[in-house]
Amino acid sequence: AVNVEADKTASYNDPGYYATDNYWASAKVSVTVTGGPVDRTKVGTTYNLTYTATDGSGNVGTSTRAVTVVKTTKPTIVLSGKAVEYVALNGTWTDPGVTYSDNFYSFAQLTSGYTQTGTVDVTKNGVYTLKYKVCDPASNCSDEITRLVVVGFSSVAEAEGTAFGVYPNPSNGRFFVVPTAEGRVTVSVTDVLGRTVKTASGNGQLEVDLGDAAAGTYTVSVTTQGGTAVRKVVVAR
């Protein structure tokens with residue numbers, strides 16, 4: 001059996017075959033293939049290809065191969081606008097939304113698989129988390145991406161009353177570190193054994209991706225010109 005990735009432009013390339021006979025040379029053995037052609041635009045379709053070999057005496061041998069058209073790549077999704085947005089208390093805010101695409105399905109085909117969770121209440125101070133994801137008709141889902149909307153505060157950290165904020169927390173291993181102070185920021189993430197699993201640096205807020213790190217509790221240390229502060233972050237898989 002063979003799985004072939006869906007493609008709207010490429011044709012199916014057969015892995016090949018060979019036929020042998022205990023008497024006739026290979027040049028005297030003909031092979032025909034039936035059951036095709038394999039259409040790589042038909043996701044989920046299985047084609048049973050039959051290979052029939054006939055020797056110079058008319059003896060026939062057959063073999064079959066099942067070829068299934070699959071779609072395994074996931075769509076991509078990207079935030080429009082900023083990952084952290086600020087709005088005044090009782091102000092107005094419109095979600096900039098996202099853009100998403102796929103290497104096979106059209107935007108229209110992806111639309112029904114798009115989800116956005118979370119709400120923003122501009123009448124209440126706080127930090128609101130919005131999450132976005134899109135799945136294609138073959139059930140491949142993009143990574144979930146997050147936007148923070150801070151209402152009534154100048155920073156996530158101010159909203160929490162801490163030196164820096166971590167959002168979302170818990171997270172899937174991707175989170176934002178948002179310090180109160182401006183300027184250079186250095187982030188170090190360690191596991192419960194004290195091993196450093198991630199470091200990052202930059203100016204202002206940073207996005208931290210722990211990759212395939214195991215679920216659990218990690219320590220985030222953030223150093224700015226004002227000193228070093230520590231917080232815990234939970235990774236839930």
# chains A, B, ... in the order shown; residues from 1 in each chain; ligands from 1
>>> residues_around(residues="stretch 38-42 of chain A", least_positions_apart="4", cutoff="7 Å", atoms="only C-alpha atoms", output="PDB file with all heavy atoms, in the first residue's frame")
ATOM      1  N   ALA A   6      -1.892  14.682  -1.441  1.00  0.00           N
ATOM      2  CA  ALA A   6      -2.784  15.393  -2.354  1.00  0.00           C
ATOM      3  C   ALA A   6      -2.051  16.545  -3.028  1.00  0.00           C
ATOM      4  O   ALA A   6      -1.238  17.236  -2.411  1.00  0.00           O
ATOM      5  CB  ALA A   6      -3.996  15.913  -1.594  1.00  0.00           C
ATOM      6  N   ASP A   7      -2.355  16.743  -4.300  1.00  0.00           N
ATOM      7  CA  ASP A   7      -1.721  17.821  -5.062  1.00  0.00           C
ATOM      8  C   ASP A   7      -2.622  18.157  -6.250  1.00  0.00           C
ATOM      9  O   ASP A   7      -3.107  17.255  -6.935  1.00  0.00           O
ATOM     10  CB  ASP A   7      -0.339  17.390  -5.550  1.00  0.00           C
ATOM     11  CG  ASP A   7       0.512  18.558  -6.009  1.00  0.00           C
ATOM     12  OD1 ASP A   7       0.078  19.256  -6.956  1.00  0.00           O
ATOM     13  OD2 ASP A   7       1.599  18.764  -5.455  1.00  0.00           O
ATOM     14  N   LYS A   8      -2.836  19.439  -6.493  1.00  0.00           N
ATOM     15  CA  LYS A   8      -3.725  19.847  -7.581  1.00  0.00           C
ATOM     16  C   LYS A   8      -3.029  19.920  -8.937  1.00  0.00           C
ATOM     17  O   LYS A   8      -3.699  20.041  -9.970  1.00  0.00           O
ATOM     18  CB  LYS A   8      -4.351  21.206  -7.257  1.00  0.00           C
ATOM     19  CG  LYS A   8      -5.357  21.153  -6.117  1.00  0.00           C
ATOM     20  CD  LYS A   8      -6.036  22.486  -5.913  1.00  0.00           C
ATOM     21  CE  LYS A   8      -7.102  22.394  -4.821  1.00  0.00           C
ATOM     22  NZ  LYS A   8      -7.792  23.684  -4.585  1.00  0.00           N
ATOM     23  N   SER A  11       1.126  14.901 -11.024  1.00  0.00           N
ATOM     24  CA  SER A  11       0.551  13.594 -11.328  1.00  0.00           C
ATOM     25  C   SER A  11       1.162  12.537 -10.415  1.00  0.00           C
ATOM     26  O   SER A  11       2.155  12.782  -9.725  1.00  0.00           O
ATOM     27  CB  SER A  11       0.790  13.236 -12.795  1.00  0.00           C
ATOM     28  OG  SER A  11       2.192  13.218 -13.075  1.00  0.00           O
ATOM     29  N   TYR A  12       0.576  11.369 -10.437  1.00  0.00           N
ATOM     30  CA  TYR A  12       1.063  10.263  -9.611  1.00  0.00           C
ATOM     31  C   TYR A  12       2.237   9.577 -10.310  1.00  0.00           C
ATOM     32  O   TYR A  12       2.149   9.208 -11.484  1.00  0.00           O
ATOM     33  CB  TYR A  12      -0.066   9.263  -9.366  1.00  0.00           C
ATOM     34  CG  TYR A  12       0.383   7.959  -8.754  1.00  0.00           C
ATOM     35  CD1 TYR A  12       0.831   7.901  -7.444  1.00  0.00           C
ATOM     36  CD2 TYR A  12       0.366   6.774  -9.497  1.00  0.00           C
ATOM     37  CE1 TYR A  12       1.246   6.708  -6.872  1.00  0.00           C
ATOM     38  CE2 TYR A  12       0.767   5.573  -8.933  1.00  0.00           C
ATOM     39  CZ  TYR A  12       1.211   5.544  -7.633  1.00  0.00           C
ATOM     40  OH  TYR A  12       1.618   4.355  -7.074  1.00  0.00           O
ATOM     41  N   TYR A  47      -7.127   3.903  -4.762  1.00  0.00           N
ATOM     42  CA  TYR A  47      -7.100   3.292  -6.087  1.00  0.00           C
ATOM     43  C   TYR A  47      -6.396   1.939  -5.976  1.00  0.00           C
ATOM     44  O   TYR A  47      -5.264   1.864  -5.492  1.00  0.00           O
ATOM     45  CB  TYR A  47      -6.355   4.183  -7.077  1.00  0.00           C
ATOM     46  CG  TYR A  47      -7.026   5.521  -7.302  1.00  0.00           C
ATOM     47  CD1 TYR A  47      -6.759   6.600  -6.457  1.00  0.00           C
ATOM     48  CD2 TYR A  47      -7.913   5.708  -8.353  1.00  0.00           C
ATOM     49  CE1 TYR A  47      -7.374   7.833  -6.653  1.00  0.00           C
ATOM     50  CE2 TYR A  47      -8.541   6.936  -8.552  1.00  0.00           C
ATOM     51  CZ  TYR A  47      -8.266   7.994  -7.696  1.00  0.00           C
ATOM     52  OH  TYR A  47      -8.882   9.189  -7.899  1.00  0.00           O
ATOM     53  N   VAL A  69      -4.943   8.559  -1.673  1.00  0.00           N
ATOM     54  CA  VAL A  69      -4.613   9.979  -1.715  1.00  0.00           C
ATOM     55  C   VAL A  69      -4.894  10.567  -0.330  1.00  0.00           C
ATOM     56  O   VAL A  69      -6.019  10.501   0.170  1.00  0.00           O
ATOM     57  CB  VAL A  69      -5.440  10.716  -2.779  1.00  0.00           C
ATOM     58  CG1 VAL A  69      -5.071  12.201  -2.806  1.00  0.00           C
ATOM     59  CG2 VAL A  69      -5.210  10.086  -4.154  1.00  0.00           C
TER      60      VAL A  69
END
>>> residues_around(residues="A:Val120", least_positions_apart="3", cutoff="8 Å", atoms="only C-alpha atoms", output="ChimeraX atom specification")
/A:128-129,149
>>> residues_around(residues="stretch 225-227 of chain A", least_positions_apart="2", cutoff="10 Å", atoms="only C-alpha atoms", output="list in words")
Ala163, Thr180, Ala181, Glu182, Gly183, Arg184, Val185, Thr186, Val222, Thr223 and Ala229 of chain A
>>> closest_residue(among="A:Ser154, A:Ser171, A:Ser101, A:Thr123", to="A:Val234", atoms="only C-alpha atoms")
A:Ser171
>>> closest_residue(among="A:Gly113, A:Pro179, A:Gly204, A:Gly152", to="A:Thr92", atoms="only C-alpha atoms")
A:Gly152
>>> residues_around(residues="A:Val84", least_positions_apart="4", cutoff="8 Å", atoms="only C-alpha atoms", output="PyMOL selection string")
chain A and resi 147-150
>>> write_last_selection(atoms="N, CA, C and O atoms", output="compact mmCIF listing (two decimals), in the first residue's frame")
# COMPACT_ATOMS: atom_id res chain seq x y z
N ARG A 147 -3.89 36.01 20.88
CA ARG A 147 -3.76 37.45 20.98
C ARG A 147 -4.22 37.88 22.37
O ARG A 147 -5.25 37.38 22.87
N LEU A 148 -3.48 38.78 22.99
CA LEU A 148 -3.87 39.35 24.28
C LEU A 148 -4.43 40.74 24.05
O LEU A 148 -3.85 41.53 23.30
N VAL A 149 -5.55 41.04 24.68
CA VAL A 149 -6.13 42.37 24.62
C VAL A 149 -6.18 42.92 26.04
O VAL A 149 -6.85 42.35 26.91
N VAL A 150 -5.43 43.99 26.28
CA VAL A 150 -5.32 44.59 27.60
C VAL A 150 -6.26 45.79 27.66
O VAL A 150 -6.09 46.75 26.90
>>> atom_distance(atom1="atom CA of A:Asp209", atom2="atom CA of A:Gly173")
5.8 Å
